[in-house]
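What follows is entry_20.cif (mmCIF, C-alpha atoms and all ligand atoms).
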```cif
data_final
loop_
_atom_site.label_atom_id
_atom_site.label_comp_id
_atom_site.auth_asym_id
_atom_site.auth_seq_id
_atom_site.Cartn_x
_atom_site.Cartn_y
_atom_site.Cartn_z
CA MET A 1 3.56 37.39 -20.49
CA GLN A 2 0.61 36.30 -18.37
CA THR A 3 -0.11 32.57 -18.07
CA CYS A 4 -3.77 31.52 -17.66
CA ARG A 5 -4.44 27.93 -16.60
CA ASP A 6 -8.19 28.13 -16.03
CA LEU A 7 -11.22 29.78 -17.60
CA GLY A 8 -11.60 32.40 -14.88
CA ALA A 9 -8.11 33.82 -15.47
CA LEU A 10 -8.52 33.54 -19.24
CA ARG A 11 -11.86 35.39 -19.28
CA GLU A 12 -10.51 38.16 -17.08
CA ARG A 13 -7.50 38.63 -19.38
CA ILE A 14 -9.59 38.60 -22.58
CA GLY A 15 -12.34 40.74 -21.01
CA THR A 16 -9.88 43.50 -20.15
CA TRP A 17 -8.43 43.47 -23.65
CA LYS A 18 -11.91 43.67 -25.18
CA GLN A 19 -12.81 46.62 -22.92
CA GLU A 20 -9.65 48.34 -24.12
CA GLY A 21 -10.80 47.77 -27.69
CA ARG A 22 -7.84 45.58 -28.60
CA ARG A 23 -7.89 43.23 -31.57
CA ILE A 24 -6.98 39.80 -30.23
CA GLY A 25 -4.89 37.31 -32.22
CA PHE A 26 -4.75 33.63 -31.29
CA VAL A 27 -2.08 31.01 -31.99
CA PRO A 28 -3.11 27.51 -30.87
CA THR A 29 -0.30 24.91 -30.54
CA MET A 30 0.53 21.59 -28.93
CA GLY A 31 3.82 22.94 -27.55
CA ASN A 32 7.39 21.79 -28.13
CA LEU A 33 7.69 25.00 -30.06
CA HIS A 34 10.12 25.80 -32.87
CA ALA A 35 10.78 28.75 -35.18
CA GLY A 36 7.72 27.81 -37.27
CA HIS A 37 5.45 28.40 -34.28
CA TYR A 38 7.16 31.67 -33.34
CA ALA A 39 6.63 32.87 -36.93
CA LEU A 40 2.88 32.35 -36.38
CA VAL A 41 3.08 34.65 -33.33
CA GLU A 42 4.95 37.21 -35.42
CA LEU A 43 2.24 37.07 -38.11
CA ALA A 44 -0.51 37.37 -35.48
CA ARG A 45 1.23 40.47 -34.09
CA GLN A 46 1.12 42.05 -37.55
CA HIS A 47 -2.68 41.61 -37.64
CA CYS A 48 -3.60 42.28 -33.99
CA ASP A 49 -2.85 44.36 -30.89
CA ALA A 50 -2.59 41.49 -28.40
CA VAL A 51 -1.51 37.91 -29.09
CA ILE A 52 -2.52 34.94 -27.00
CA ALA A 53 -1.06 31.48 -27.66
CA SER A 54 -2.25 28.19 -26.25
CA ILE A 55 -0.41 24.97 -25.53
CA PHE A 56 -2.57 21.88 -25.22
CA VAL A 57 -1.65 18.36 -26.28
CA ASN A 58 -5.15 17.32 -27.28
CA PRO A 59 -5.94 13.69 -26.43
CA THR A 60 -9.00 13.52 -28.72
CA GLN A 61 -6.97 13.98 -31.91
CA PHE A 62 -4.58 11.08 -31.28
CA GLY A 63 -5.43 7.52 -32.28
CA PRO A 64 -5.01 4.69 -29.73
CA ASN A 65 -1.64 3.63 -31.17
CA GLU A 66 -0.30 7.12 -31.75
CA ASP A 67 2.21 9.24 -29.82
CA TYR A 68 -0.05 11.08 -27.31
CA ALA A 69 1.84 9.78 -24.25
CA ARG A 70 5.31 10.41 -25.66
CA TYR A 71 4.51 13.72 -27.44
CA PRO A 72 7.32 16.05 -26.26
CA ARG A 73 6.19 18.40 -23.47
CA THR A 74 8.54 21.35 -22.91
CA GLU A 75 6.33 23.92 -21.21
CA GLN A 76 9.00 26.02 -19.50
CA ARG A 77 11.12 26.47 -22.62
CA ASP A 78 8.03 27.11 -24.77
CA ALA A 79 6.79 29.83 -22.39
CA GLU A 80 10.17 31.59 -22.56
CA GLY A 81 10.19 31.42 -26.36
CA LEU A 82 6.62 32.72 -26.63
CA ALA A 83 7.38 35.64 -24.31
CA GLN A 84 10.45 36.52 -26.40
CA ALA A 85 8.36 36.35 -29.58
CA GLY A 86 6.03 39.00 -28.14
CA THR A 87 3.13 36.84 -26.95
CA ALA A 88 1.11 38.76 -24.37
CA ALA A 89 -0.69 35.81 -22.79
CA LEU A 90 -0.44 32.03 -22.73
CA PHE A 91 -3.44 29.75 -22.18
CA LEU A 92 -2.32 26.44 -20.68
CA PRO A 93 -5.47 24.42 -19.99
CA SER A 94 -5.37 20.99 -18.36
CA VAL A 95 -7.41 18.15 -19.87
CA ASP A 96 -10.03 18.82 -17.14
CA VAL A 97 -10.34 22.49 -18.12
CA MET A 98 -10.67 21.59 -21.81
CA TYR A 99 -13.01 18.62 -21.25
CA PRO A 100 -14.86 19.24 -17.95
CA PHE A 101 -17.10 16.17 -18.45
CA GLY A 102 -14.12 14.05 -19.56
CA ALA A 103 -12.82 13.54 -23.09
CA MET A 104 -15.21 10.60 -23.58
CA GLY A 105 -18.25 12.72 -22.65
CA CYS A 106 -17.38 15.78 -24.69
CA VAL A 107 -19.55 17.36 -27.37
CA GLN A 108 -17.80 16.62 -30.65
CA MET A 109 -17.39 18.33 -33.99
CA HIS A 110 -17.46 16.54 -37.30
CA VAL A 111 -16.60 18.38 -40.51
CA PRO A 112 -18.03 16.29 -43.38
CA GLY A 113 -16.28 15.24 -46.58
CA ILE A 114 -12.90 16.87 -46.33
CA THR A 115 -12.01 14.84 -43.22
CA ASP A 116 -12.46 11.46 -44.95
CA ILE A 117 -9.49 11.82 -47.33
CA LEU A 118 -5.69 12.04 -47.01
CA CYS A 119 -4.74 12.20 -43.30
CA GLY A 120 -8.40 11.68 -42.36
CA ALA A 121 -8.43 8.31 -44.15
CA HIS A 122 -5.22 7.21 -42.42
CA ARG A 123 -5.96 8.65 -38.98
CA PRO A 124 -9.66 7.90 -38.33
CA GLY A 125 -11.18 10.44 -35.95
CA HIS A 126 -8.13 12.72 -36.06
CA PHE A 127 -9.85 15.72 -37.61
CA ASN A 128 -12.92 15.29 -35.40
CA GLY A 129 -10.52 15.75 -32.49
CA VAL A 130 -8.84 18.75 -34.12
CA ALA A 131 -12.17 20.44 -34.98
CA THR A 132 -13.51 19.66 -31.50
CA VAL A 133 -10.58 21.24 -29.69
CA VAL A 134 -10.29 24.25 -32.01
CA ALA A 135 -14.02 25.00 -31.67
CA ARG A 136 -13.66 24.84 -27.87
CA LEU A 137 -10.55 27.02 -27.93
CA PHE A 138 -12.31 29.57 -30.17
CA ASN A 139 -15.25 29.61 -27.77
CA MET A 140 -13.00 30.03 -24.73
CA VAL A 141 -10.57 32.60 -26.16
CA GLN A 142 -12.98 34.47 -28.46
CA PRO A 143 -10.23 35.97 -30.59
CA ASP A 144 -10.68 38.30 -33.57
CA CYS A 145 -8.24 36.33 -35.67
CA ALA A 146 -6.38 33.01 -35.43
CA VAL A 147 -3.23 31.91 -37.23
CA PHE A 148 -2.72 28.38 -38.59
CA GLY A 149 0.25 26.99 -40.51
CA ARG A 150 0.03 25.86 -44.12
CA LYS A 151 2.31 22.99 -43.08
CA ASP A 152 -0.89 21.25 -41.90
CA TYR A 153 -2.71 22.02 -45.14
CA GLN A 154 -5.70 19.74 -44.64
CA GLN A 155 -6.11 20.92 -41.04
CA LEU A 156 -6.20 24.52 -42.29
CA GLN A 157 -8.98 23.64 -44.76
CA VAL A 158 -10.94 21.79 -42.05
CA ILE A 159 -10.73 24.79 -39.71
CA ARG A 160 -11.69 27.25 -42.45
CA TYR A 161 -14.74 25.12 -43.33
CA MET A 162 -15.81 24.74 -39.70
CA SER A 163 -15.29 28.38 -38.86
CA GLU A 164 -17.19 29.63 -41.89
CA GLU A 165 -19.99 27.07 -41.59
CA LEU A 166 -20.50 27.80 -37.88
CA SER A 167 -20.25 31.58 -38.45
CA PHE A 168 -17.43 32.06 -35.96
CA PRO A 169 -16.57 35.78 -36.15
CA ILE A 170 -12.88 34.91 -36.41
CA GLU A 171 -10.55 35.66 -39.30
CA ILE A 172 -8.46 32.60 -40.15
CA ILE A 173 -4.97 33.66 -41.22
CA PRO A 174 -2.74 31.07 -42.94
CA ALA A 175 1.01 31.21 -42.32
CA PRO A 176 3.71 29.92 -44.70
CA THR A 177 5.61 26.74 -43.84
CA LEU A 178 8.97 27.33 -42.20
CA ARG A 179 11.70 24.91 -43.33
CA GLU A 180 15.20 23.95 -42.31
CA ALA A 181 17.93 24.91 -44.82
CA SER A 182 17.71 21.30 -46.05
CA GLY A 183 14.07 21.83 -47.07
CA LEU A 184 12.74 19.68 -44.21
CA ALA A 185 9.57 21.28 -42.83
CA MET A 186 10.03 22.19 -39.17
CA SER A 187 7.95 19.96 -36.91
CA SER A 188 7.86 18.99 -33.26
CA ARG A 189 8.00 15.36 -34.45
CA ASN A 190 11.39 15.91 -36.17
CA GLN A 191 13.02 15.42 -32.81
CA TYR A 192 12.00 11.76 -32.84
CA LEU A 193 14.33 11.31 -35.85
CA SER A 194 17.89 9.96 -35.62
CA ASP A 195 20.59 11.94 -37.49
CA GLU A 196 20.39 9.44 -40.33
CA GLU A 197 16.60 9.62 -40.51
CA ARG A 198 16.74 13.42 -40.47
CA ALA A 199 18.97 13.37 -43.55
CA THR A 200 16.62 10.89 -45.26
CA ALA A 201 13.58 13.01 -44.32
CA THR A 202 14.78 15.83 -46.60
CA ALA A 203 13.64 13.62 -49.52
CA ILE A 204 10.03 14.54 -48.73
CA TYR A 205 10.48 18.13 -49.88
CA ARG A 206 12.58 17.07 -52.89
CA THR A 207 9.82 14.64 -53.88
CA LEU A 208 7.20 17.39 -53.56
CA GLU A 209 9.32 19.56 -55.87
CA SER A 210 9.56 16.68 -58.40
CA MET A 211 5.78 16.21 -58.20
CA ARG A 212 5.27 19.90 -58.91
CA ALA A 213 7.68 19.83 -61.88
CA ALA A 214 6.01 16.71 -63.33
CA CYS A 215 2.54 18.22 -62.92
CA ILE A 216 3.57 21.44 -64.64
CA ALA A 217 5.13 19.34 -67.44
CA GLY A 218 1.75 17.66 -67.96
CA THR A 219 2.53 14.16 -66.60
CA PRO A 220 -0.69 12.32 -65.67
CA THR A 221 -1.51 12.63 -61.97
CA ALA A 222 -1.65 8.85 -61.38
CA LYS A 223 1.89 8.43 -62.74
CA ILE A 224 3.25 11.33 -60.67
CA GLU A 225 1.76 9.81 -57.53
CA GLN A 226 3.06 6.30 -58.29
CA ASP A 227 6.57 7.62 -59.02
CA ALA A 228 6.62 9.70 -55.83
CA GLU A 229 5.49 6.77 -53.70
CA ALA A 230 8.06 4.44 -55.30
CA GLU A 231 10.85 6.98 -54.77
CA LEU A 232 10.00 7.41 -51.09
CA GLN A 233 9.63 3.65 -50.56
CA SER A 234 13.04 3.05 -52.12
CA LEU A 235 14.52 5.38 -49.47
CA GLY A 236 12.90 3.46 -46.61
CA PHE A 237 9.69 5.43 -46.04
CA THR A 238 6.34 3.75 -45.44
CA VAL A 239 4.04 5.98 -47.46
CA ASP A 240 0.48 6.84 -46.36
CA TYR A 241 -0.07 8.96 -49.46
CA ALA A 242 1.64 11.07 -52.09
CA GLU A 243 -1.05 12.95 -54.00
CA ILE A 244 -1.73 15.92 -56.22
CA ARG A 245 -4.98 17.68 -55.41
CA SER A 246 -6.75 20.90 -56.25
CA ALA A 247 -6.22 23.72 -53.74
CA THR A 248 -9.61 22.84 -52.18
CA LEU A 249 -8.37 19.22 -51.83
CA ALA A 250 -10.85 17.96 -54.42
CA PRO A 251 -9.22 15.41 -56.78
CA ALA A 252 -7.00 17.23 -59.32
CA SER A 253 -9.21 15.88 -62.14
CA ARG A 254 -12.13 17.88 -60.71
CA ALA A 255 -10.17 21.10 -60.09
CA MET A 256 -12.06 24.30 -60.83
CA ASP A 257 -8.91 26.39 -61.33
CA THR A 258 -5.14 26.10 -61.86
CA ARG A 259 -4.12 25.98 -58.19
CA ARG A 260 -2.74 22.64 -57.06
CA VAL A 261 -1.15 21.19 -53.96
CA ALA A 262 1.16 18.18 -53.73
CA LEU A 263 0.84 16.42 -50.37
CA ILE A 264 2.87 13.67 -48.73
CA ALA A 265 2.44 11.74 -45.49
CA ALA A 266 4.99 9.04 -44.75
CA PHE A 267 6.55 7.20 -41.85
CA LEU A 268 10.28 7.01 -41.22
CA GLY A 269 10.52 4.32 -38.59
CA ARG A 270 7.77 5.17 -36.09
CA THR A 271 7.72 8.87 -36.96
CA ARG A 272 4.94 10.14 -39.22
CA LEU A 273 5.91 13.19 -41.26
CA ILE A 274 3.65 15.37 -43.42
CA ASP A 275 4.42 18.15 -45.86
CA ASN A 276 2.93 19.83 -48.90
CA LEU A 277 3.74 22.23 -51.71
CA GLU A 278 1.25 24.62 -53.30
CA PHE A 279 1.69 25.72 -56.90
CA GLU A 280 -0.08 26.91 -60.06
CA ILE A 281 -0.14 25.08 -63.36
CA PRO A 282 0.35 27.42 -66.30
P1 LIG A 301 1.25 21.94 -33.63
O1 LIG A 301 1.85 22.43 -32.36
O2 LIG A 301 2.10 20.98 -34.38
O3 LIG A 301 -0.17 21.50 -33.47
O4 LIG A 301 1.19 23.21 -34.58
C1 LIG A 301 0.60 24.41 -34.16
C2 LIG A 301 0.50 25.34 -35.33
O5 LIG A 301 1.80 25.57 -35.87
C3 LIG A 301 -0.34 24.78 -36.48
O6 LIG A 301 -1.12 25.83 -37.03
C4 LIG A 301 0.70 24.30 -37.45
O7 LIG A 301 0.25 24.28 -38.78
C5 LIG A 301 1.78 25.33 -37.26
N1 LIG A 301 3.09 24.84 -37.70
C6 LIG A 301 3.72 23.71 -37.31
N2 LIG A 301 4.90 23.57 -37.96
C7 LIG A 301 5.00 24.64 -38.79
C8 LIG A 301 5.99 25.07 -39.74
N3 LIG A 301 7.10 24.38 -39.98
N4 LIG A 301 5.76 26.23 -40.40
C9 LIG A 301 4.62 26.96 -40.17
N5 LIG A 301 3.67 26.60 -39.29
C10 LIG A 301 3.85 25.46 -38.62
#
```

Would you mind writing the structure in this file as structure tokens?
Amino acid sequence: MQTCRDLGALRERIGTWKQEGRRIGFVPTMGNLHAGHYALVELARQHCDAVIASIFVNPTQFGPNEDYARYPRTEQRDAEGLAQAGTAALFLPSVDVMYPFGAMGCVQMHVPGITDILCGAHRPGHFNGVATVVARLFNMVQPDCAVFGRKDYQQLQVIRYMSEELSFPIEIIPAPTLREASGLAMSSRNQYLSDEERATATAIYRTLESMRAACIAGTPTAKIEQDAEAELQSLGFTVDYAEIRSATLAPASRAMDTRRVALIAAFLGRTRLIDNLEFEIP
């Protein structure tokens, strides 16, 4: 696996692949990789002839009191895992490569509407940072397709909207959420959890399953959301939201079809965890 740290090396690598007529698949990450990330590489390999991953802990998507400084950085181990998973190249830009005029002076993206709700409401500016870095990565890497996890459901919708609205010629491929046997969604942030917190964290997926069952049984959305929040609070979570939405993330009451998604974001101690469950109502 070739590692590219600057744009010159990246463009040479991509240019050669394009000349060879290869279809290029891209898997952007923030590192500290787990099986969920490697499954994205596997999916990209099924759709493309050459897979490039990136690792970049993006400062513009973290709020001032969030975990940017302590976000786990495990570059060596990640590179080994990516190579084993069949990644052909790794883009490892520094902050200077990503933001040559500095993060404060960078041209920013704003995706309207969808970024004001759920995580966007609780993490102001977060999705501007995500859209900004993904647009830059797309422009630098110029892949044919890019894989994003359904674990970050709202992020996936933001990227789809941006990509379609800006006419990026890139197919966005969603990947299923990989979970521990306990149901806990795999996440780099799980490693902040103590053993006890990790056991408690499994309640998020159980609560999502209860929300789905209640929704299918016809319980009013407001009651489902109140019950879910109360359940999580009783277990020691500080809940940002527990909501049922349409698949487009419009309020469930305005859904155009039968597809729904239950979404939870909650803190256990200082660790913020998110998860979701997609389903159909009969
Ligand atoms: P991150 O490094 O957390 O920014 O995640 C990079 C990519 O991996 C994003 O597209 C995430 O949605 C995806 N991802 C993270 N955790 C999982 C998981 N448990 N299952 C599937 N995809 C995931």

Of the candidates A:Leu178, A:Ala89, A:Leu268, A:Ala213, which shows the shortest atom-to-atom distance to ligand LIG 301 (chain A), using all atoms listed in the file? A:Leu178

Show me which residues line ligand LIG 301 (chain A), defined as having an atom within 10 Å of a ligand atom where only C-alpha atoms and all ligand atoms count, and present them as number ranges by chain. A: 27-41, 53-58, 130, 146-156, 173-180, 184-189, 274-275

Region 44-63 of chain A: axis-aligned bounding box, 3 Å on each side, centre and edge lengths in Å, one decimal, as JSON:
```
{"center_x": -3.9, "center_y": 25.9, "center_z": -31.4, "size_x": 16.2, "size_y": 42.8, "size_z": 18.4}
```

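You will find CA of Thr74 (chain A) at 19.6 Å from CA of Asp96 (chain A).
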
So which residues touch Tyr205 (chain A) within 10 Å, counting all atoms listed in the file, skipping near sequence neighbours fewer than 2 positions away, as a ChimeraX atom specification? /A:179,182-185,201-203,207-211,263-264,274-277

Excluding Glu229 (chain A) and residues on its chain fewer than 3 positions from it, collect all residues at most 7 Å away from it, counting all atoms listed in the file, and give them as a ChimeraX atom specification. /A:225-226,232-233,239,242
